[in-house]
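Visitor: File name model-v7.cif; file contents mmCIF, N, CA and C atoms; full text below.
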data_final
#
loop_
_atom_site.group_PDB
_atom_site.id
_atom_site.type_symbol
_atom_site.label_atom_id
_atom_site.label_comp_id
_atom_site.auth_asym_id
_atom_site.auth_seq_id
_atom_site.Cartn_x
_atom_site.Cartn_y
_atom_site.Cartn_z
ATOM 1 N N MET A 1419 -214.754 54.947 133.388
ATOM 2 C CA MET A 1419 -215.460 56.198 133.233
ATOM 3 C C MET A 1419 -215.028 56.826 131.920
ATOM 4 N N ASP A 1420 -215.973 57.051 131.040
ATOM 5 C CA ASP A 1420 -215.679 57.584 129.720
ATOM 6 C C ASP A 1420 -216.023 59.064 129.672
ATOM 7 N N ASN A 1421 -215.025 59.903 129.913
ATOM 8 C CA ASN A 1421 -215.218 61.346 129.895
ATOM 9 C C ASN A 1421 -214.265 61.930 128.867
ATOM 10 N N ASP A 1422 -214.806 62.442 127.767
ATOM 11 C CA ASP A 1422 -213.965 62.947 126.692
ATOM 12 C C ASP A 1422 -213.832 64.459 126.696
ATOM 13 N N ASP A 1423 -214.037 65.097 127.855
ATOM 14 C CA ASP A 1423 -213.843 66.544 127.953
ATOM 15 C C ASP A 1423 -212.352 66.855 127.884
ATOM 16 N N PRO A 1424 -211.979 67.946 127.212
ATOM 17 C CA PRO A 1424 -210.567 68.332 127.195
ATOM 18 C C PRO A 1424 -210.100 68.738 128.597
ATOM 19 N N ILE A 1425 -208.797 68.759 128.763
ATOM 20 C CA ILE A 1425 -208.209 69.040 130.079
ATOM 21 C C ILE A 1425 -208.578 70.439 130.564
ATOM 22 N N THR A 1426 -208.725 71.411 129.656
ATOM 23 C CA THR A 1426 -209.039 72.768 130.100
ATOM 24 C C THR A 1426 -210.437 72.838 130.711
ATOM 25 N N VAL A 1427 -211.376 72.053 130.187
ATOM 26 C CA VAL A 1427 -212.731 72.041 130.746
ATOM 27 C C VAL A 1427 -212.705 71.415 132.137
ATOM 28 N N ARG A 1428 -211.931 70.366 132.294
ATOM 29 C CA ARG A 1428 -211.804 69.732 133.616
ATOM 30 C C ARG A 1428 -211.140 70.669 134.618
ATOM 31 N N MET A 1429 -210.135 71.422 134.153
ATOM 32 C CA MET A 1429 -209.490 72.392 135.039
ATOM 33 C C MET A 1429 -210.479 73.486 135.440
ATOM 34 N N GLY A 1430 -211.338 73.890 134.507
ATOM 35 C CA GLY A 1430 -212.355 74.887 134.823
ATOM 36 C C GLY A 1430 -213.296 74.401 135.905
ATOM 37 N N THR A 1431 -213.714 73.143 135.818
ATOM 38 C CA THR A 1431 -214.573 72.569 136.854
ATOM 39 C C THR A 1431 -213.846 72.551 138.194
ATOM 40 N N PHE A 1432 -212.569 72.195 138.177
ATOM 41 C CA PHE A 1432 -211.779 72.169 139.405
ATOM 42 C C PHE A 1432 -211.718 73.557 140.037
ATOM 43 N N PHE A 1433 -211.455 74.581 139.233
ATOM 44 C CA PHE A 1433 -211.353 75.939 139.777
ATOM 45 C C PHE A 1433 -212.699 76.424 140.324
ATOM 46 N N ILE A 1434 -213.786 76.033 139.698
ATOM 47 C CA ILE A 1434 -215.103 76.414 140.220
ATOM 48 C C ILE A 1434 -215.357 75.753 141.570
ATOM 49 N N VAL A 1435 -214.967 74.496 141.713
ATOM 50 C CA VAL A 1435 -215.139 73.800 142.997
ATOM 51 C C VAL A 1435 -214.261 74.444 144.071
ATOM 52 N N ILE A 1436 -213.038 74.803 143.720
ATOM 53 C CA ILE A 1436 -212.153 75.493 144.670
ATOM 54 C C ILE A 1436 -212.759 76.842 145.047
ATOM 55 N N GLY A 1437 -213.356 77.531 144.090
ATOM 56 C CA GLY A 1437 -214.021 78.813 144.375
ATOM 57 C C GLY A 1437 -215.182 78.634 145.336
ATOM 58 N N LEU A 1438 -215.940 77.564 145.159
ATOM 59 C CA LEU A 1438 -217.038 77.282 146.099
ATOM 60 C C LEU A 1438 -216.504 77.039 147.503
ATOM 61 N N GLY A 1439 -215.408 76.305 147.600
ATOM 62 C CA GLY A 1439 -214.799 76.054 148.915
ATOM 63 C C GLY A 1439 -214.337 77.342 149.579
ATOM 64 N N ALA A 1440 -213.721 78.226 148.808
ATOM 65 C CA ALA A 1440 -213.271 79.503 149.352
ATOM 66 C C ALA A 1440 -214.455 80.362 149.773
ATOM 67 N N LEU A 1441 -215.564 80.282 149.030
ATOM 68 C CA LEU A 1441 -216.760 81.028 149.402
ATOM 69 C C LEU A 1441 -217.337 80.509 150.723
ATOM 70 N N VAL A 1442 -217.323 79.200 150.895
ATOM 71 C CA VAL A 1442 -217.790 78.617 152.165
ATOM 72 C C VAL A 1442 -216.896 79.085 153.306
ATOM 73 N N LEU A 1443 -215.588 79.120 153.091
ATOM 74 C CA LEU A 1443 -214.681 79.612 154.131
ATOM 75 C C LEU A 1443 -214.957 81.075 154.455
ATOM 76 N N PHE A 1444 -215.253 81.890 153.438
ATOM 77 C CA PHE A 1444 -215.575 83.297 153.686
ATOM 78 C C PHE A 1444 -216.852 83.422 154.520
ATOM 79 N N VAL A 1445 -217.876 82.652 154.169
ATOM 80 C CA VAL A 1445 -219.137 82.727 154.910
ATOM 81 C C VAL A 1445 -218.943 82.263 156.353
ATOM 82 N N THR A 1446 -218.174 81.201 156.556
ATOM 83 C CA THR A 1446 -217.949 80.743 157.934
ATOM 84 C C THR A 1446 -217.108 81.754 158.717
ATOM 85 N N SER A 1447 -216.179 82.434 158.056
ATOM 86 C CA SER A 1447 -215.415 83.465 158.769
ATOM 87 C C SER A 1447 -216.313 84.644 159.130
ATOM 88 N N ASP A 1448 -217.304 84.916 158.301
ATOM 89 C CA ASP A 1448 -218.253 85.981 158.603
ATOM 90 C C ASP A 1448 -219.144 85.588 159.777
ATOM 91 N N ILE A 1449 -219.570 84.340 159.801
ATOM 92 C CA ILE A 1449 -220.402 83.864 160.909
ATOM 93 C C ILE A 1449 -219.619 83.909 162.219
ATOM 94 N N ALA A 1450 -218.313 83.643 162.147
ATOM 95 C CA ALA A 1450 -217.467 83.650 163.346
ATOM 96 C C ALA A 1450 -217.079 85.067 163.763
ATOM 97 N N LYS A 1451 -217.576 86.059 163.051
ATOM 98 C CA LYS A 1451 -217.308 87.474 163.342
ATOM 99 C C LYS A 1451 -215.821 87.825 163.240
ATOM 100 N N GLN A 1452 -215.103 87.089 162.393
ATOM 101 C CA GLN A 1452 -213.714 87.397 162.077
ATOM 102 C C GLN A 1452 -213.583 87.363 160.560
ATOM 103 N N VAL A 1453 -214.188 88.334 159.910
ATOM 104 C CA VAL A 1453 -214.308 88.334 158.457
ATOM 105 C C VAL A 1453 -212.926 88.423 157.809
ATOM 106 N N ASP A 1454 -212.672 87.496 156.893
ATOM 107 C CA ASP A 1454 -211.426 87.478 156.139
ATOM 108 C C ASP A 1454 -211.783 87.595 154.656
ATOM 109 N N PHE A 1455 -211.601 88.801 154.118
ATOM 110 C CA PHE A 1455 -211.992 89.067 152.740
ATOM 111 C C PHE A 1455 -211.070 88.396 151.724
ATOM 112 N N ASP A 1456 -209.933 87.887 152.165
ATOM 113 C CA ASP A 1456 -209.059 87.161 151.251
ATOM 114 C C ASP A 1456 -209.788 85.962 150.658
ATOM 115 N N TYR A 1457 -210.615 85.299 151.449
ATOM 116 C CA TYR A 1457 -211.388 84.158 150.952
ATOM 117 C C TYR A 1457 -212.398 84.592 149.888
ATOM 118 N N LEU A 1458 -213.006 85.743 150.081
ATOM 119 C CA LEU A 1458 -213.956 86.243 149.097
ATOM 120 C C LEU A 1458 -213.267 86.551 147.777
ATOM 121 N N PHE A 1459 -212.125 87.229 147.840
ATOM 122 C CA PHE A 1459 -211.407 87.575 146.624
ATOM 123 C C PHE A 1459 -210.852 86.331 145.936
ATOM 124 N N LEU A 1460 -210.385 85.373 146.717
ATOM 125 C CA LEU A 1460 -209.913 84.113 146.156
ATOM 126 C C LEU A 1460 -211.068 83.371 145.484
ATOM 127 N N SER A 1461 -212.219 83.404 146.109
ATOM 128 C CA SER A 1461 -213.399 82.754 145.540
ATOM 129 C C SER A 1461 -213.786 83.393 144.211
ATOM 130 N N MET A 1462 -213.811 84.723 144.165
ATOM 131 C CA MET A 1462 -214.165 85.399 142.914
ATOM 132 C C MET A 1462 -213.144 85.118 141.814
ATOM 133 N N LEU A 1463 -211.878 85.078 142.178
ATOM 134 C CA LEU A 1463 -210.822 84.794 141.207
ATOM 135 C C LEU A 1463 -210.954 83.371 140.657
ATOM 136 N N MET A 1464 -211.199 82.414 141.552
ATOM 137 C CA MET A 1464 -211.335 81.019 141.117
ATOM 138 C C MET A 1464 -212.580 80.818 140.252
ATOM 139 N N PHE A 1465 -213.686 81.466 140.616
ATOM 140 C CA PHE A 1465 -214.895 81.383 139.786
ATOM 141 C C PHE A 1465 -214.630 81.942 138.389
ATOM 142 N N ALA A 1466 -213.970 83.088 138.316
ATOM 143 C CA ALA A 1466 -213.697 83.712 137.020
ATOM 144 C C ALA A 1466 -212.772 82.842 136.176
ATOM 145 N N LEU A 1467 -211.751 82.303 136.797
ATOM 146 C CA LEU A 1467 -210.825 81.440 136.081
ATOM 147 C C LEU A 1467 -211.520 80.153 135.625
ATOM 148 N N GLY A 1468 -212.317 79.577 136.508
ATOM 149 C CA GLY A 1468 -213.058 78.366 136.153
ATOM 150 C C GLY A 1468 -214.055 78.618 135.043
ATOM 151 N N TRP A 1469 -214.758 79.742 135.098
ATOM 152 C CA TRP A 1469 -215.727 80.068 134.054
ATOM 153 C C TRP A 1469 -215.021 80.267 132.712
ATOM 154 N N ALA A 1470 -213.845 80.901 132.740
ATOM 155 C CA ALA A 1470 -213.100 81.140 131.503
ATOM 156 C C ALA A 1470 -212.696 79.814 130.854
ATOM 157 N N PHE A 1471 -212.331 78.837 131.658
ATOM 158 C CA PHE A 1471 -211.967 77.532 131.105
ATOM 159 C C PHE A 1471 -213.192 76.729 130.691
ATOM 160 N N ARG A 1472 -214.274 76.803 131.467
ATOM 161 C CA ARG A 1472 -215.468 75.993 131.188
ATOM 162 C C ARG A 1472 -216.235 76.471 129.964
ATOM 163 N N ARG A 1473 -216.139 77.732 129.625
ATOM 164 C CA ARG A 1473 -216.924 78.242 128.500
ATOM 165 C C ARG A 1473 -216.423 77.721 127.164
ATOM 166 N N LYS A 1474 -215.252 77.088 127.145
ATOM 167 C CA LYS A 1474 -214.714 76.521 125.916
ATOM 168 C C LYS A 1474 -215.345 75.176 125.582
ATOM 169 N N LYS A 1475 -216.147 74.648 126.491
ATOM 170 C CA LYS A 1475 -216.780 73.355 126.257
ATOM 171 C C LYS A 1475 -217.844 73.483 125.172
ATOM 172 N N ALA A 1476 -217.858 72.526 124.263
ATOM 173 C CA ALA A 1476 -218.832 72.534 123.179
ATOM 174 C C ALA A 1476 -220.223 72.231 123.735
ATOM 175 N N PRO A 1477 -221.262 72.854 123.194
ATOM 176 C CA PRO A 1477 -222.617 72.567 123.675
ATOM 177 C C PRO A 1477 -223.021 71.141 123.298
ATOM 178 N N PRO A 1478 -223.854 70.512 124.117
ATOM 179 C CA PRO A 1478 -224.268 69.144 123.805
ATOM 180 C C PRO A 1478 -225.160 69.115 122.577
ATOM 181 N N PRO A 1479 -225.179 67.986 121.875
ATOM 182 C CA PRO A 1479 -226.050 67.900 120.701
ATOM 183 C C PRO A 1479 -227.515 67.913 121.125
ATOM 184 N N PRO A 1480 -228.408 68.388 120.256
ATOM 185 C CA PRO A 1480 -229.824 68.437 120.634
ATOM 186 C C PRO A 1480 -230.368 67.017 120.850
ATOM 187 N N ALA A 1481 -231.184 66.877 121.875
ATOM 188 C CA ALA A 1481 -231.717 65.566 122.234
ATOM 189 C C ALA A 1481 -232.971 65.233 121.442
ATOM 190 N N GLY A 1482 -233.666 66.231 120.923
ATOM 191 C CA GLY A 1482 -234.872 65.983 120.151
ATOM 192 C C GLY A 1482 -236.056 65.584 121.015
ATOM 193 N N ARG A 1483 -236.066 65.982 122.272
ATOM 194 C CA ARG A 1483 -237.141 65.587 123.179
ATOM 195 C C ARG A 1483 -238.473 66.189 122.778
ATOM 196 N N PHE A 1484 -238.468 67.404 122.290
ATOM 197 C CA PHE A 1484 -239.710 68.098 121.992
ATOM 198 C C PHE A 1484 -239.901 68.260 120.480
ATOM 199 N N GLU A 1485 -239.334 67.368 119.727
ATOM 200 C CA GLU A 1485 -239.423 67.439 118.267
ATOM 201 C C GLU A 1485 -240.875 67.356 117.800
ATOM 202 N N TYR A 1486 -241.657 66.501 118.412
ATOM 203 C CA TYR A 1486 -243.057 66.337 118.027
ATOM 204 C C TYR A 1486 -243.844 67.628 118.247
ATOM 205 N N LEU A 1487 -243.618 68.276 119.388
ATOM 206 C CA LEU A 1487 -244.312 69.540 119.671
ATOM 207 C C LEU A 1487 -243.893 70.640 118.692
ATOM 208 N N ARG A 1488 -242.607 70.671 118.354
ATOM 209 C CA ARG A 1488 -242.130 71.680 117.418
ATOM 210 C C ARG A 1488 -242.768 71.482 116.040
ATOM 211 N N LYS A 1489 -242.858 70.227 115.601
ATOM 212 C CA LYS A 1489 -243.491 69.954 114.311
ATOM 213 C C LYS A 1489 -244.969 70.322 114.333
ATOM 214 N N MET A 1490 -245.657 70.049 115.437
ATOM 215 C CA MET A 1490 -247.076 70.414 115.546
ATOM 216 C C MET A 1490 -247.253 71.918 115.440
ATOM 217 N N ARG A 1491 -246.409 72.680 116.096
ATOM 218 C CA ARG A 1491 -246.498 74.142 116.043
ATOM 219 C C ARG A 1491 -246.218 74.659 114.640
ATOM 220 N N GLU A 1492 -245.220 74.085 113.974
ATOM 221 C CA GLU A 1492 -244.918 74.516 112.608
ATOM 222 C C GLU A 1492 -246.067 74.198 111.664
ATOM 223 N N ASN A 1493 -246.662 73.015 111.811
ATOM 224 C CA ASN A 1493 -247.796 72.649 110.960
ATOM 225 C C ASN A 1493 -248.982 73.583 111.190
ATOM 226 N N ALA A 1494 -249.250 73.906 112.447
ATOM 227 C CA ALA A 1494 -250.353 74.818 112.746
ATOM 228 C C ALA A 1494 -250.073 76.206 112.175
ATOM 229 N N LYS A 1495 -248.839 76.645 112.267
ATOM 230 C CA LYS A 1495 -248.472 77.963 111.734
ATOM 231 C C LYS A 1495 -248.606 77.977 110.209
ATOM 232 N N ASN A 1496 -248.194 76.898 109.560
ATOM 233 C CA ASN A 1496 -248.303 76.825 108.096
ATOM 234 C C ASN A 1496 -249.766 76.788 107.656
ATOM 235 N N LYS A 1497 -250.600 76.058 108.370
ATOM 236 C CA LYS A 1497 -252.023 75.993 108.031
ATOM 237 C C LYS A 1497 -252.679 77.358 108.189
ATOM 238 N N LYS A 1498 -252.305 78.061 109.252
ATOM 239 C CA LYS A 1498 -252.880 79.391 109.477
ATOM 240 C C LYS A 1498 -252.423 80.360 108.393
ATOM 241 N N ALA A 1499 -251.169 80.259 107.975
ATOM 242 C CA ALA A 1499 -250.649 81.141 106.929
ATOM 243 C C ALA A 1499 -251.363 80.875 105.602
ATOM 244 N N GLU A 1500 -251.626 79.606 105.303
ATOM 245 C CA GLU A 1500 -252.334 79.285 104.071
ATOM 246 C C GLU A 1500 -253.793 79.724 104.132
ATOM 247 N N LYS A 1501 -254.392 79.638 105.296
ATOM 248 C CA LYS A 1501 -255.787 80.044 105.471
ATOM 249 C C LYS A 1501 -255.936 81.554 105.306
ATOM 250 N N ASP A 1502 -254.992 82.310 105.849
ATOM 251 C CA ASP A 1502 -255.041 83.766 105.779
ATOM 252 C C ASP A 1502 -254.567 84.318 104.445
ATOM 253 N N LYS A 1503 -253.955 83.480 103.622
ATOM 254 C CA LYS A 1503 -253.435 83.904 102.328
ATOM 255 C C LYS A 1503 -254.609 84.242 101.400
ATOM 256 N N PRO A 1504 -254.553 85.408 100.713
ATOM 257 C CA PRO A 1504 -255.653 85.773 99.807
ATOM 258 C C PRO A 1504 -255.705 84.804 98.609
ATOM 259 N N LYS A 1505 -256.922 84.462 98.244
ATOM 260 C CA LYS A 1505 -257.115 83.531 97.130
ATOM 261 C C LYS A 1505 -257.165 84.299 95.810
ATOM 262 N N ASP A 1506 -256.571 83.729 94.780
ATOM 263 C CA ASP A 1506 -256.600 84.347 93.452
ATOM 264 C C ASP A 1506 -257.883 83.959 92.741
ATOM 265 N N LYS A 1507 -258.570 84.955 92.123
ATOM 266 C CA LYS A 1507 -259.789 84.691 91.343
ATOM 267 C C LYS A 1507 -259.428 84.658 89.877
ATOM 268 N N LYS A 1508 -259.929 83.679 89.165
ATOM 269 C CA LYS A 1508 -259.654 83.564 87.732
ATOM 270 C C LYS A 1508 -260.878 83.802 86.933
#
Show me the file's structure as structure tokens.

Guide:
Amino acid sequence: MDNDDPITVRMGTFFIVIGLGALVLFVTSDIAKQVDFDYLFLSMLMFALGWAFRRKKAPPPPAGRFEYLRKMRENAKNKKAEKDKPKDKK
């Protein structure tokens, strides 16, 4: 498995998963009518910590999937700009 994410990004993912687990425990405690807010606060803390670590991840490079559509729009915009441009009379 070739994963070149830094350790802090992986730790962020781990904390988010732990936060999800704590949220599930909070919801099940609510369903059981024995609400334990410690799970909710733990969940919020883990989400915040995980988000803080995950936001350091670099954005992926552009895939260029819609490059053709972008070029078509730019060409149409340029043609319209040239058409609307006032002509010089000599």

Visitor: Can you tell me which residues surround region 1425-1441 of chain A at a distance of at most 12 Å, considering only C-alpha atoms, apart from same-chain residues fewer than 3 positions away, and format the answer as a ChimeraX atom specification?

Guide: /A:1421-1422,1444-1448,1453-1476

Visitor: Suppose you want the space between CA of Ala1499 (chain A) and atom C of Leu1487 (chain A); what is it in Å?

Guide: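 A separation of 17.2 Å between them.
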
Visitor: What is the atom C of Ala1481 (chain A) to atom C of Asn1496 (chain A) distance in Å?

Guide: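 It comes out at 24.6 Å.
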
Visitor: I need the residues in chain A that are helix (DSSP H, G or I) according to DSSP; give them as a count of residues only.

Guide: 61

Visitor: May I have the centre and edge lengths, in Å to one decimal, of an axis-aligned box around the listed atoms of region 1454-1472 of chain A with 8 Å added to every side, as lines of an AutoDock Vina configuration file?

Guide:
center_x = -212.6
center_y = 82.5
center_z = 143.4
size_x = 23.2
size_y = 29.1
size_z = 42.9

Visitor: Report, in Å to a single decimal, how far apart CA of Asp1423 (chain A) and CA of Pro1479 (chain A) are.

Guide: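 Computed distance, CA of Pro1479 (chain A) to CA of Asp1423 (chain A), equals 14.3 Å.
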